[in-house]
>>> print(open('upload.cif').read())   # mmCIF, C-alpha atoms, pLDDT in the B column; chains and numbers go by the auth columns
data_input
loop_
_atom_site.group_PDB
_atom_site.id
_atom_site.type_symbol
_atom_site.label_atom_id
_atom_site.label_comp_id
_atom_site.label_asym_id
_atom_site.label_seq_id
_atom_site.Cartn_x
_atom_site.Cartn_y
_atom_site.Cartn_z
_atom_site.B_iso_or_equiv
_atom_site.auth_seq_id
_atom_site.auth_asym_id
ATOM 1 C CA MET A 1 291.590 -33.115 -68.254 97.00 5 A
ATOM 2 C CA ARG A 2 290.177 -36.626 -68.200 98.00 6 A
ATOM 3 C CA VAL A 3 287.069 -36.833 -66.038 98.00 7 A
ATOM 4 C CA ALA A 4 285.073 -39.833 -64.867 98.00 8 A
ATOM 5 C CA LEU A 5 281.357 -39.369 -64.223 98.00 9 A
ATOM 6 C CA GLY A 6 280.386 -41.836 -61.500 98.00 10 A
ATOM 7 C CA GLN A 7 276.686 -42.456 -62.145 98.00 11 A
ATOM 8 C CA LEU A 8 275.940 -44.200 -58.877 98.00 12 A
ATOM 9 C CA ASP A 9 272.871 -46.117 -57.736 97.00 13 A
ATOM 10 C CA MET A 10 273.535 -45.241 -54.110 96.00 14 A
ATOM 11 C CA LEU A 11 271.998 -47.207 -51.265 96.00 15 A
ATOM 12 C CA TRP A 12 269.383 -45.150 -49.458 96.00 16 A
ATOM 13 C CA GLU A 13 270.843 -43.617 -46.287 97.00 17 A
ATOM 14 C CA ASP A 14 273.552 -46.321 -46.258 97.00 18 A
ATOM 15 C CA LYS A 15 276.974 -44.713 -46.472 97.00 19 A
ATOM 16 C CA GLU A 16 279.033 -47.812 -45.846 96.00 20 A
ATOM 17 C CA GLY A 17 277.260 -49.796 -48.543 97.00 21 A
ATOM 18 C CA SER A 18 277.538 -46.921 -50.988 97.00 22 A
ATOM 19 C CA PHE A 19 281.253 -46.463 -50.210 98.00 23 A
ATOM 20 C CA ILE A 20 281.864 -50.049 -51.318 97.00 24 A
ATOM 21 C CA LYS A 21 280.061 -49.445 -54.617 97.00 25 A
ATOM 22 C CA ALA A 22 281.887 -46.162 -55.130 98.00 26 A
ATOM 23 C CA GLU A 23 285.302 -47.713 -54.559 98.00 27 A
ATOM 24 C CA GLY A 24 284.810 -50.018 -57.523 98.00 28 A
ATOM 25 C CA MET A 25 284.059 -46.995 -59.688 98.00 29 A
ATOM 26 C CA ILE A 26 287.074 -45.118 -58.320 98.00 30 A
ATOM 27 C CA GLN A 27 289.324 -48.040 -59.212 98.00 31 A
ATOM 28 C CA GLU A 28 287.840 -48.212 -62.724 98.00 32 A
ATOM 29 C CA ALA A 29 288.376 -44.477 -63.246 98.00 33 A
ATOM 30 C CA ALA A 30 291.952 -44.651 -61.975 98.00 34 A
ATOM 31 C CA GLU A 31 292.737 -47.564 -64.279 98.00 35 A
ATOM 32 C CA GLY A 32 291.232 -45.515 -67.138 98.00 36 A
ATOM 33 C CA GLY A 33 293.766 -42.753 -66.577 98.00 37 A
ATOM 34 C CA CYS A 34 291.271 -40.249 -65.186 98.00 38 A
ATOM 35 C CA ASP A 35 292.366 -37.185 -63.274 98.00 39 A
ATOM 36 C CA VAL A 36 289.145 -36.948 -61.263 98.00 40 A
ATOM 37 C CA ILE A 37 285.957 -38.905 -60.622 99.00 41 A
ATOM 38 C CA ILE A 38 282.757 -37.034 -59.777 99.00 42 A
ATOM 39 C CA PHE A 39 279.812 -38.539 -57.903 98.00 43 A
ATOM 40 C CA PRO A 40 276.192 -37.233 -57.616 98.00 44 A
ATOM 41 C CA GLU A 41 274.676 -34.918 -55.019 98.00 45 A
ATOM 42 C CA MET A 42 274.567 -36.474 -51.531 98.00 46 A
ATOM 43 C CA SER A 43 276.628 -39.174 -53.167 98.00 47 A
ATOM 44 C CA PHE A 44 276.392 -41.966 -50.629 98.00 48 A
ATOM 45 C CA THR A 45 272.975 -41.502 -49.021 97.00 49 A
ATOM 46 C CA GLY A 46 270.570 -40.248 -51.673 97.00 50 A
ATOM 47 C CA PHE A 47 268.685 -36.952 -51.401 97.00 51 A
ATOM 48 C CA SER A 48 267.498 -37.432 -47.841 96.00 52 A
ATOM 49 C CA MET A 49 266.198 -34.786 -45.436 96.00 53 A
ATOM 50 C CA ASN A 50 266.912 -37.065 -42.469 96.00 54 A
ATOM 51 C CA LEU A 51 269.813 -34.973 -41.252 95.00 55 A
ATOM 52 C CA GLN A 52 270.005 -36.764 -37.921 93.00 56 A
ATOM 53 C CA LYS A 53 270.797 -39.989 -39.757 96.00 57 A
ATOM 54 C CA ILE A 54 272.937 -38.812 -42.680 97.00 58 A
ATOM 55 C CA GLY A 55 274.467 -35.601 -41.300 97.00 59 A
ATOM 56 C CA GLU A 56 278.115 -35.327 -40.299 97.00 60 A
ATOM 57 C CA ASP A 57 280.309 -32.958 -38.338 96.00 61 A
ATOM 58 C CA ARG A 58 281.778 -30.573 -40.878 94.00 62 A
ATOM 59 C CA ASP A 59 285.223 -30.756 -39.249 94.00 63 A
ATOM 60 C CA ASN A 60 285.148 -34.506 -38.600 95.00 64 A
ATOM 61 C CA SER A 61 283.291 -36.019 -41.525 97.00 65 A
ATOM 62 C CA GLN A 62 283.203 -39.761 -42.066 97.00 66 A
ATOM 63 C CA THR A 63 282.593 -39.244 -45.785 98.00 67 A
ATOM 64 C CA VAL A 64 285.411 -36.744 -46.266 98.00 68 A
ATOM 65 C CA SER A 65 287.805 -39.026 -44.396 98.00 69 A
ATOM 66 C CA ALA A 66 286.793 -42.036 -46.489 98.00 70 A
ATOM 67 C CA MET A 67 287.257 -40.132 -49.760 98.00 71 A
ATOM 68 C CA LYS A 68 290.644 -38.800 -48.654 98.00 72 A
ATOM 69 C CA ARG A 69 291.798 -42.363 -48.054 98.00 73 A
ATOM 70 C CA LEU A 70 290.520 -43.559 -51.437 98.00 74 A
ATOM 71 C CA ALA A 71 291.980 -40.576 -53.308 98.00 75 A
ATOM 72 C CA VAL A 72 295.445 -41.338 -51.955 98.00 76 A
ATOM 73 C CA SER A 73 295.063 -45.092 -52.424 98.00 77 A
ATOM 74 C CA TYR A 74 294.058 -44.829 -56.085 98.00 78 A
ATOM 75 C CA HIS A 75 295.955 -41.619 -56.943 98.00 79 A
ATOM 76 C CA ILE A 76 292.885 -39.848 -58.280 98.00 80 A
ATOM 77 C CA ALA A 77 290.948 -36.739 -57.269 98.00 81 A
ATOM 78 C CA ILE A 78 287.397 -37.367 -56.033 99.00 82 A
ATOM 79 C CA ALA A 79 284.450 -34.953 -56.042 99.00 83 A
ATOM 80 C CA PHE A 80 281.399 -35.929 -53.995 98.00 84 A
ATOM 81 C CA GLY A 81 278.345 -34.661 -52.144 98.00 85 A
ATOM 82 C CA TRP A 82 277.429 -35.037 -48.489 98.00 86 A
ATOM 83 C CA ALA A 83 275.349 -33.428 -45.721 98.00 87 A
ATOM 84 C CA ALA A 84 276.862 -31.490 -42.829 98.00 88 A
ATOM 85 C CA PHE A 85 275.275 -30.617 -39.499 97.00 89 A
ATOM 86 C CA GLY A 86 274.659 -26.987 -38.616 93.00 90 A
ATOM 87 C CA ASN A 87 276.586 -25.003 -36.043 87.00 91 A
ATOM 88 C CA GLY A 88 274.514 -26.022 -33.053 81.00 92 A
ATOM 89 C CA PRO A 89 271.390 -27.780 -31.759 81.00 93 A
ATOM 90 C CA GLY A 90 268.280 -26.900 -33.740 81.00 94 A
ATOM 91 C CA THR A 91 270.184 -25.324 -36.618 92.00 95 A
ATOM 92 C CA LYS A 92 269.864 -26.329 -40.253 97.00 96 A
ATOM 93 C CA GLY A 93 272.571 -28.300 -42.039 98.00 97 A
ATOM 94 C CA THR A 94 274.303 -27.661 -45.368 98.00 98 A
ATOM 95 C CA ASN A 95 274.236 -29.671 -48.583 98.00 99 A
ATOM 96 C CA ARG A 96 277.911 -29.831 -49.598 98.00 100 A
ATOM 97 C CA PHE A 97 280.020 -30.654 -52.657 98.00 101 A
ATOM 98 C CA THR A 98 283.690 -31.339 -51.872 98.00 102 A
ATOM 99 C CA LEU A 99 286.697 -31.992 -54.097 98.00 103 A
ATOM 100 C CA ILE A 100 289.651 -33.945 -52.723 98.00 104 A
ATOM 101 C CA GLY A 101 292.947 -33.972 -54.624 98.00 105 A
ATOM 102 C CA GLN A 102 294.899 -37.162 -55.253 98.00 106 A
ATOM 103 C CA ASP A 103 297.147 -36.166 -52.351 98.00 107 A
ATOM 104 C CA GLY A 104 294.173 -36.401 -49.980 98.00 108 A
ATOM 105 C CA GLU A 105 293.908 -32.651 -49.407 98.00 109 A
ATOM 106 C CA ILE A 106 290.694 -30.651 -49.823 98.00 110 A
ATOM 107 C CA VAL A 107 290.846 -28.613 -53.040 98.00 111 A
ATOM 108 C CA ALA A 108 287.374 -27.049 -52.829 98.00 112 A
ATOM 109 C CA ASP A 109 284.256 -27.194 -50.684 98.00 113 A
ATOM 110 C CA TYR A 110 280.924 -25.708 -51.734 98.00 114 A
ATOM 111 C CA ALA A 111 277.586 -25.324 -49.926 98.00 115 A
ATOM 112 C CA LYS A 112 274.473 -25.411 -52.137 98.00 116 A
ATOM 113 C CA MET A 113 273.233 -21.867 -52.694 98.00 117 A
ATOM 114 C CA HIS A 114 269.671 -22.751 -53.697 98.00 118 A
ATOM 115 C CA PRO A 115 267.922 -25.367 -51.521 98.00 119 A
ATOM 116 C CA PHE A 116 265.046 -26.952 -53.454 97.00 120 A
ATOM 117 C CA THR A 117 261.923 -25.350 -51.960 95.00 121 A
ATOM 118 C CA TYR A 118 259.565 -27.587 -53.964 94.00 122 A
ATOM 119 C CA GLY A 119 261.183 -30.612 -52.295 93.00 123 A
ATOM 120 C CA HIS A 120 261.203 -28.963 -48.807 95.00 124 A
ATOM 121 C CA GLU A 121 265.005 -28.923 -48.749 97.00 125 A
ATOM 122 C CA GLY A 122 265.090 -25.412 -47.332 96.00 126 A
ATOM 123 C CA GLU A 123 263.340 -26.619 -44.190 97.00 127 A
ATOM 124 C CA TYR A 124 266.420 -28.697 -43.329 97.00 128 A
ATOM 125 C CA PHE A 125 269.363 -27.061 -45.113 98.00 129 A
ATOM 126 C CA GLU A 126 270.717 -23.510 -45.054 97.00 130 A
ATOM 127 C CA LYS A 127 271.516 -21.531 -48.197 98.00 131 A
ATOM 128 C CA GLY A 128 275.183 -21.399 -49.149 98.00 132 A
ATOM 129 C CA GLU A 129 276.621 -17.910 -49.554 97.00 133 A
ATOM 130 C CA GLU A 130 279.663 -18.353 -51.797 98.00 134 A
ATOM 131 C CA ILE A 131 280.385 -19.124 -55.456 98.00 135 A
ATOM 132 C CA VAL A 132 283.442 -21.368 -55.461 98.00 136 A
ATOM 133 C CA THR A 133 286.097 -21.158 -58.197 98.00 137 A
ATOM 134 C CA VAL A 134 289.489 -22.828 -57.706 98.00 138 A
ATOM 135 C CA PRO A 135 292.576 -23.700 -59.757 98.00 139 A
ATOM 136 C CA PHE A 136 292.668 -27.436 -60.462 98.00 140 A
ATOM 137 C CA LEU A 137 295.142 -29.366 -62.617 97.00 141 A
ATOM 138 C CA GLY A 138 296.073 -26.336 -64.671 96.00 142 A
ATOM 139 C CA ARG A 139 292.476 -25.242 -65.209 97.00 143 A
ATOM 140 C CA VAL A 140 289.968 -23.283 -63.121 98.00 144 A
ATOM 141 C CA ILE A 141 286.804 -25.046 -62.035 98.00 145 A
ATOM 142 C CA SER A 142 283.575 -24.051 -60.359 98.00 146 A
ATOM 143 C CA MET A 143 281.109 -26.295 -58.539 98.00 147 A
ATOM 144 C CA PHE A 144 277.319 -26.266 -58.196 99.00 148 A
ATOM 145 C CA ILE A 145 274.580 -28.597 -56.967 98.00 149 A
ATOM 146 C CA CYS A 146 271.357 -29.675 -58.694 98.00 150 A
ATOM 147 C CA TYR A 147 268.716 -26.902 -58.371 98.00 151 A
ATOM 148 C CA ASP A 148 271.494 -24.289 -58.775 98.00 152 A
ATOM 149 C CA LEU A 149 271.368 -25.213 -62.462 98.00 153 A
ATOM 150 C CA ARG A 150 268.146 -23.201 -62.861 98.00 154 A
ATOM 151 C CA PHE A 151 269.840 -19.910 -61.906 98.00 155 A
ATOM 152 C CA PRO A 152 272.043 -18.735 -64.802 97.00 156 A
ATOM 153 C CA GLU A 153 273.394 -15.640 -63.065 96.00 157 A
ATOM 154 C CA ILE A 154 275.701 -17.637 -60.793 98.00 158 A
ATOM 155 C CA PHE A 155 277.142 -19.503 -63.761 98.00 159 A
ATOM 156 C CA GLN A 156 277.990 -16.229 -65.493 97.00 160 A
ATOM 157 C CA ILE A 157 279.813 -15.056 -62.380 97.00 161 A
ATOM 158 C CA ALA A 158 281.701 -18.351 -62.028 98.00 162 A
ATOM 159 C CA ALA A 159 282.751 -18.261 -65.687 98.00 163 A
ATOM 160 C CA ARG A 160 284.628 -15.002 -65.199 97.00 164 A
ATOM 161 C CA LYS A 161 287.398 -17.235 -63.837 97.00 165 A
ATOM 162 C CA ALA A 162 286.381 -20.843 -64.496 98.00 166 A
ATOM 163 C CA ASP A 163 286.412 -22.691 -67.804 98.00 167 A
ATOM 164 C CA ILE A 164 285.074 -25.972 -66.358 98.00 168 A
ATOM 165 C CA ILE A 165 281.936 -26.245 -64.226 98.00 169 A
ATOM 166 C CA PHE A 166 280.943 -29.374 -62.290 99.00 170 A
ATOM 167 C CA VAL A 167 277.257 -29.856 -61.437 99.00 171 A
ATOM 168 C CA VAL A 168 276.151 -32.771 -59.259 98.00 172 A
ATOM 169 C CA ALA A 169 272.517 -33.713 -58.754 98.00 173 A
ATOM 170 C CA ASN A 170 269.732 -36.015 -57.699 98.00 174 A
ATOM 171 C CA TRP A 171 267.592 -34.936 -60.667 98.00 175 A
ATOM 172 C CA PRO A 172 264.432 -37.040 -61.191 98.00 176 A
ATOM 173 C CA ALA A 173 263.681 -38.760 -64.479 98.00 177 A
ATOM 174 C CA ILE A 174 260.376 -36.918 -64.833 97.00 178 A
ATOM 175 C CA ARG A 175 262.353 -33.713 -65.476 97.00 179 A
ATOM 176 C CA SER A 176 265.238 -35.236 -67.443 98.00 180 A
ATOM 177 C CA ALA A 177 264.561 -32.992 -70.462 98.00 181 A
ATOM 178 C CA HIS A 178 265.157 -29.965 -68.228 98.00 182 A
ATOM 179 C CA TRP A 179 268.433 -31.460 -67.000 98.00 183 A
ATOM 180 C CA GLU A 180 269.937 -31.874 -70.469 98.00 184 A
ATOM 181 C CA THR A 181 268.576 -28.570 -71.758 98.00 185 A
ATOM 182 C CA LEU A 182 269.903 -26.580 -68.815 98.00 186 A
ATOM 183 C CA LEU A 183 273.340 -28.215 -68.814 98.00 187 A
ATOM 184 C CA ARG A 184 273.760 -27.423 -72.503 98.00 188 A
ATOM 185 C CA ALA A 185 272.376 -23.918 -72.052 98.00 189 A
ATOM 186 C CA ARG A 186 274.780 -23.122 -69.209 98.00 190 A
ATOM 187 C CA ALA A 187 277.685 -24.345 -71.374 98.00 191 A
ATOM 188 C CA ILE A 188 276.601 -22.262 -74.373 98.00 192 A
ATOM 189 C CA GLU A 189 275.837 -19.140 -72.329 97.00 193 A
ATOM 190 C CA THR A 190 279.128 -19.161 -70.457 98.00 194 A
ATOM 191 C CA GLN A 191 281.308 -20.790 -73.144 98.00 195 A
ATOM 192 C CA SER A 192 282.441 -23.299 -70.524 98.00 196 A
ATOM 193 C CA TYR A 193 282.790 -27.043 -70.278 98.00 197 A
ATOM 194 C CA VAL A 194 279.970 -28.316 -68.074 98.00 198 A
ATOM 195 C CA VAL A 195 280.046 -31.742 -66.446 98.00 199 A
ATOM 196 C CA GLY A 196 276.725 -32.891 -64.978 98.00 200 A
ATOM 197 C CA VAL A 197 276.667 -36.000 -62.792 99.00 201 A
ATOM 198 C CA ASN A 198 273.329 -37.462 -61.730 98.00 202 A
ATOM 199 C CA CYS A 199 272.285 -40.622 -59.919 98.00 203 A
ATOM 200 C CA ILE A 200 270.412 -43.672 -61.183 98.00 204 A
ATOM 201 C CA GLY A 201 267.780 -45.926 -59.619 97.00 205 A
ATOM 202 C CA GLU A 202 264.795 -45.471 -57.336 96.00 206 A
ATOM 203 C CA ARG A 203 264.902 -43.974 -53.846 91.00 207 A
ATOM 204 C CA ASP A 204 262.233 -42.593 -51.561 86.00 208 A
ATOM 205 C CA GLY A 205 259.588 -43.121 -54.236 89.00 209 A
ATOM 206 C CA MET A 206 261.491 -41.141 -56.884 94.00 210 A
ATOM 207 C CA LEU A 207 262.919 -42.573 -60.129 98.00 211 A
ATOM 208 C CA TYR A 208 266.244 -41.339 -61.499 98.00 212 A
ATOM 209 C CA SER A 209 267.456 -42.011 -65.058 98.00 213 A
ATOM 210 C CA GLY A 210 270.973 -40.632 -64.667 98.00 214 A
ATOM 211 C CA ASP A 211 271.665 -38.885 -67.984 98.00 215 A
ATOM 212 C CA SER A 212 275.068 -37.808 -66.703 98.00 216 A
ATOM 213 C CA MET A 213 276.948 -35.958 -69.417 98.00 217 A
ATOM 214 C CA ALA A 214 279.877 -33.747 -70.326 98.00 218 A
ATOM 215 C CA VAL A 215 279.177 -30.772 -72.599 98.00 219 A
ATOM 216 C CA ASP A 216 281.771 -28.727 -74.440 98.00 220 A
ATOM 217 C CA SER A 217 281.936 -24.939 -74.596 97.00 221 A
ATOM 218 C CA ILE A 218 279.682 -24.694 -77.657 97.00 222 A
ATOM 219 C CA GLY A 219 277.040 -27.065 -76.300 97.00 223 A
ATOM 220 C CA ASN A 220 278.046 -30.361 -77.907 97.00 224 A
ATOM 221 C CA ILE A 221 277.540 -33.457 -75.762 98.00 225 A
ATOM 222 C CA LEU A 222 280.898 -35.212 -75.456 98.00 226 A
ATOM 223 C CA GLY A 223 279.421 -38.247 -73.731 98.00 227 A
ATOM 224 C CA LYS A 224 276.197 -39.247 -72.016 98.00 228 A
ATOM 225 C CA MET A 225 275.048 -42.212 -69.912 98.00 229 A
ATOM 226 C CA SER A 226 271.391 -43.055 -69.223 98.00 230 A
ATOM 227 C CA ASN A 227 269.404 -45.712 -67.377 97.00 231 A
ATOM 228 C CA ARG A 228 272.327 -47.642 -65.910 97.00 232 A
ATOM 229 C CA GLU A 229 274.921 -47.436 -63.202 98.00 233 A
ATOM 230 C CA GLY A 230 278.474 -46.993 -64.398 98.00 234 A
ATOM 231 C CA VAL A 231 281.473 -44.812 -65.128 98.00 235 A
ATOM 232 C CA LEU A 232 281.512 -42.479 -68.125 98.00 236 A
ATOM 233 C CA ILE A 233 284.950 -41.193 -69.113 98.00 237 A
ATOM 234 C CA CYS A 234 285.295 -37.949 -71.086 98.00 238 A
ATOM 235 C CA ASP A 235 288.237 -35.768 -72.085 98.00 239 A
ATOM 236 C CA LEU A 236 287.931 -31.998 -71.723 98.00 240 A
ATOM 237 C CA ASP A 237 290.312 -29.975 -73.890 95.00 241 A
ATOM 238 C CA ASP A 238 291.483 -26.442 -73.153 93.00 242 A
ATOM 239 C CA ARG A 239 289.804 -24.526 -75.977 93.00 243 A
ATOM 240 C CA ALA A 240 287.207 -22.607 -73.955 95.00 244 A
ATOM 241 C CA TRP A 241 289.362 -19.499 -73.454 95.00 245 A
ATOM 242 C CA GLY A 242 290.286 -19.479 -77.133 95.00 246 A
ATOM 243 C CA LEU A 243 286.596 -19.556 -78.023 95.00 247 A
ATOM 244 C CA ARG A 244 285.873 -16.746 -75.581 96.00 248 A
ATOM 245 C CA LYS A 245 288.510 -14.548 -77.224 95.00 249 A
ATOM 246 C CA LYS A 246 287.321 -15.317 -80.752 95.00 250 A
ATOM 247 C CA PHE A 247 283.538 -15.270 -80.152 95.00 251 A
ATOM 248 C CA ALA A 248 283.554 -12.838 -77.264 94.00 252 A
ATOM 249 C CA THR A 249 279.965 -12.815 -76.044 95.00 253 A
ATOM 250 C CA ALA A 250 281.031 -11.812 -72.529 93.00 254 A
ATOM 251 C CA VAL A 251 282.195 -8.370 -73.694 94.00 255 A
ATOM 252 C CA ASP A 252 278.670 -7.661 -74.959 95.00 256 A
ATOM 253 C CA ARG A 253 277.032 -8.340 -71.604 94.00 257 A
ATOM 254 C CA ARG A 254 275.548 -5.168 -70.071 95.00 258 A
ATOM 255 C CA GLU A 255 275.700 -5.988 -66.383 93.00 259 A
ATOM 256 C CA ASP A 256 275.381 -2.356 -65.272 93.00 260 A
ATOM 257 C CA LEU A 257 272.106 -2.191 -67.180 96.00 261 A
ATOM 258 C CA TYR A 258 270.884 -5.531 -65.863 94.00 262 A
ATOM 259 C CA ARG A 259 271.412 -4.370 -62.276 92.00 263 A
ATOM 260 C CA LYS A 260 268.744 -1.707 -62.777 93.00 264 A
ATOM 261 C CA TYR A 261 266.185 -4.479 -63.168 93.00 265 A
ATOM 262 C CA PHE A 262 267.243 -6.490 -60.155 87.00 266 A
#
>>> encode(input="upload.cif", output="structure tokens")
Amino acid sequence: MRVALGQLDMLWEDKEGSFIKAEGMIQEAAEGGCDVIIFPEMSFTGFSMNLQKIGEDRDNSQTVSAMKRLAVSYHIAIAFGWAAFGNGPGTKGTNRFTLIGQDGEIVADYAKMHPFTYGHEGEYFEKGEEIVTVPFLGRVISMFICYDLRFPEIFQIAARKADIIFVVANWPAIRSAHWETLLRARAIETQSYVVGVNCIGERDGMLYSGDSMAVDSIGNILGKMSNREGVLICDLDDRAWGLRKKFATAVDRREDLYRKYF
């Protein structure tokens, strides 16, 4: 699978402006023979809590519609983040990560399971309740968002089926060492390919260095981009399941025992 990591310097709370920037990246990825391009968390607004301004109707989303059009136009799958309104007045929204196939159909849709309490996200966004794993282009993928990366249990569960895991984020530069360490750790622990896509630039007083990367199933960095906007193209082979059979760490997990301590 050839993946494009769209390290975007999105315009703060400006979807239309960010769509224009993203389209250039989508075209570049398509011309590079990529199967999918992945954009950061809340891809076209930045990590904003202003739900009234950036939120969208889950069943009639401007962002989803725009990405469907671009996926069909450029014949490439697109994975992106956005914010959805809740189910009624006064309810919290959801921080979402959606994958559209090149035919314009939704392949997967995930709601962030762990809102970032330190950043007050949980005051505005509900907790997602489902780990998403789906077949995609002959592989099985799973999808997570930013702070989810700090919770290894969900990655172990996802890796029972998935051999590729996408993680999108707005991860600040001040904690960039955590970002790389955790992406590589999740790959090593689960023997999965992990693709982490972060943003670049400065928004709402926070600096982002990007550091988007693809990591193979033994923790090697296949490609990394830092401190600039752009498209990073990486090829993911299909050797994860072979590794899992040969170096079968999963069979030594003692989940019945671990449950006693939860």
>>> atom_distance(input="upload.cif", atom1="CA of Val76 in chain A", atom2="CA of Ser47 in chain A")
19.0 Å
>>> closest_residue(input="upload.cif", among="A:Tyr262, A:Phe48, A:Trp86, A:Trp183", to="Phe129 in chain A", atoms="only C-alpha atoms")
A:Trp86
>>> residues_around(input="upload.cif", residues="His182 in chain A", least_positions_apart="6", cutoff="12 Å", atoms="all atoms listed in the file", output="PyMOL selection string")
chain A and resi 150-151+153-154+175-176+188-190+215
>>> closest_residue(input="upload.cif", among="A:Ala33, A:Ala70, A:Ile168, A:Cys38", to="Val138 in chain A", atoms="only C-alpha atoms")
A:Ile168
>>> atom_distance(input="upload.cif", atom1="CA of Gly223 in chain A", atom2="CA of Met147 in chain A")
18.2 Å
>>> residues_around(input="upload.cif", residues="Met5 in chain A", least_positions_apart="6", cutoff="10 Å", atoms="all atoms listed in the file", output="PDB file with C-alpha atoms, in the frame of the given file")
ATOM      1  CA  CYS A  38     291.271 -40.249 -65.186  1.00 98.00           C
ATOM      2  CA  ASP A  39     292.366 -37.185 -63.274  1.00 98.00           C
ATOM      3  CA  VAL A  40     289.145 -36.948 -61.263  1.00 98.00           C
ATOM      4  CA  PHE A 140     292.668 -27.436 -60.462  1.00 98.00           C
ATOM      5  CA  LEU A 141     295.142 -29.366 -62.617  1.00 97.00           C
ATOM      6  CA  GLY A 142     296.073 -26.336 -64.671  1.00 96.00           C
ATOM      7  CA  ARG A 143     292.476 -25.242 -65.209  1.00 97.00           C
ATOM      8  CA  ILE A 168     285.074 -25.972 -66.358  1.00 98.00           C
ATOM      9  CA  CYS A 238     285.295 -37.949 -71.086  1.00 98.00           C
ATOM     10  CA  ASP A 239     288.237 -35.768 -72.085  1.00 98.00           C
ATOM     11  CA  LEU A 240     287.931 -31.998 -71.723  1.00 98.00           C
ATOM     12  CA  ASP A 241     290.312 -29.975 -73.890  1.00 95.00           C
ATOM     13  CA  ASP A 242     291.483 -26.442 -73.153  1.00 93.00           C
TER      14      ASP A 242
END
>>> residues_around(input="upload.cif", residues="Val171 in chain A", least_positions_apart="3", cutoff="9 Å", atoms="all atoms listed in the file", output="MDAnalysis selection string")
chainID A and resid 44:45 146:150 152:153 187 198:202
>>> build_atoms(input="upload.cif", residues="range 199-210 of chain A", atoms="N, CA and C atoms", output="PDB file, in the coordinates of the input")
ATOM      1  N   VAL A 199     280.130 -30.314 -66.744  1.00 98.00           N
ATOM      2  CA  VAL A 199     280.046 -31.742 -66.446  1.00 98.00           C
ATOM      3  C   VAL A 199     278.922 -31.946 -65.440  1.00 98.00           C
ATOM      4  N   GLY A 200     277.871 -32.642 -65.846  1.00 98.00           N
ATOM      5  CA  GLY A 200     276.725 -32.891 -64.978  1.00 98.00           C
ATOM      6  C   GLY A 200     276.658 -34.346 -64.585  1.00 98.00           C
ATOM      7  N   VAL A 201     276.674 -34.619 -63.289  1.00 99.00           N
ATOM      8  CA  VAL A 201     276.667 -36.000 -62.792  1.00 99.00           C
ATOM      9  C   VAL A 201     275.421 -36.215 -61.943  1.00 99.00           C
ATOM     10  N   ASN A 202     274.593 -37.148 -62.385  1.00 98.00           N
ATOM     11  CA  ASN A 202     273.329 -37.462 -61.730  1.00 98.00           C
ATOM     12  C   ASN A 202     273.365 -38.905 -61.231  1.00 98.00           C
ATOM     13  N   CYS A 203     272.378 -39.261 -60.439  1.00 98.00           N
ATOM     14  CA  CYS A 203     272.285 -40.622 -59.919  1.00 98.00           C
ATOM     15  C   CYS A 203     271.309 -41.447 -60.766  1.00 98.00           C
ATOM     16  N   ILE A 204     271.270 -42.728 -60.476  1.00 98.00           N
ATOM     17  CA  ILE A 204     270.412 -43.672 -61.183  1.00 98.00           C
ATOM     18  C   ILE A 204     269.653 -44.497 -60.140  1.00 98.00           C
ATOM     19  N   GLY A 205     268.497 -45.019 -60.508  1.00 97.00           N
ATOM     20  CA  GLY A 205     267.780 -45.926 -59.619  1.00 97.00           C
ATOM     21  C   GLY A 205     266.516 -45.314 -59.049  1.00 97.00           C
ATOM     22  N   GLU A 206     266.011 -45.932 -57.991  1.00 96.00           N
ATOM     23  CA  GLU A 206     264.795 -45.471 -57.336  1.00 96.00           C
ATOM     24  C   GLU A 206     265.034 -45.377 -55.844  1.00 96.00           C
ATOM     25  N   ARG A 207     264.737 -44.203 -55.277  1.00 91.00           N
ATOM     26  CA  ARG A 207     264.902 -43.974 -53.846  1.00 91.00           C
ATOM     27  C   ARG A 207     263.798 -43.072 -53.343  1.00 91.00           C
ATOM     28  N   ASP A 208     263.255 -43.407 -52.208  1.00 86.00           N
ATOM     29  CA  ASP A 208     262.233 -42.593 -51.561  1.00 86.00           C
ATOM     30  C   ASP A 208     261.078 -42.283 -52.508  1.00 86.00           C
ATOM     31  N   GLY A 209     260.710 -43.275 -53.330  1.00 89.00           N
ATOM     32  CA  GLY A 209     259.588 -43.121 -54.236  1.00 89.00           C
ATOM     33  C   GLY A 209     259.868 -42.305 -55.486  1.00 89.00           C
ATOM     34  N   MET A 210     261.125 -41.968 -55.735  1.00 94.00           N
ATOM     35  CA  MET A 210     261.491 -41.141 -56.884  1.00 94.00           C
ATOM     36  C   MET A 210     262.404 -41.934 -57.814  1.00 94.00           C
TER      37      MET A 210
END
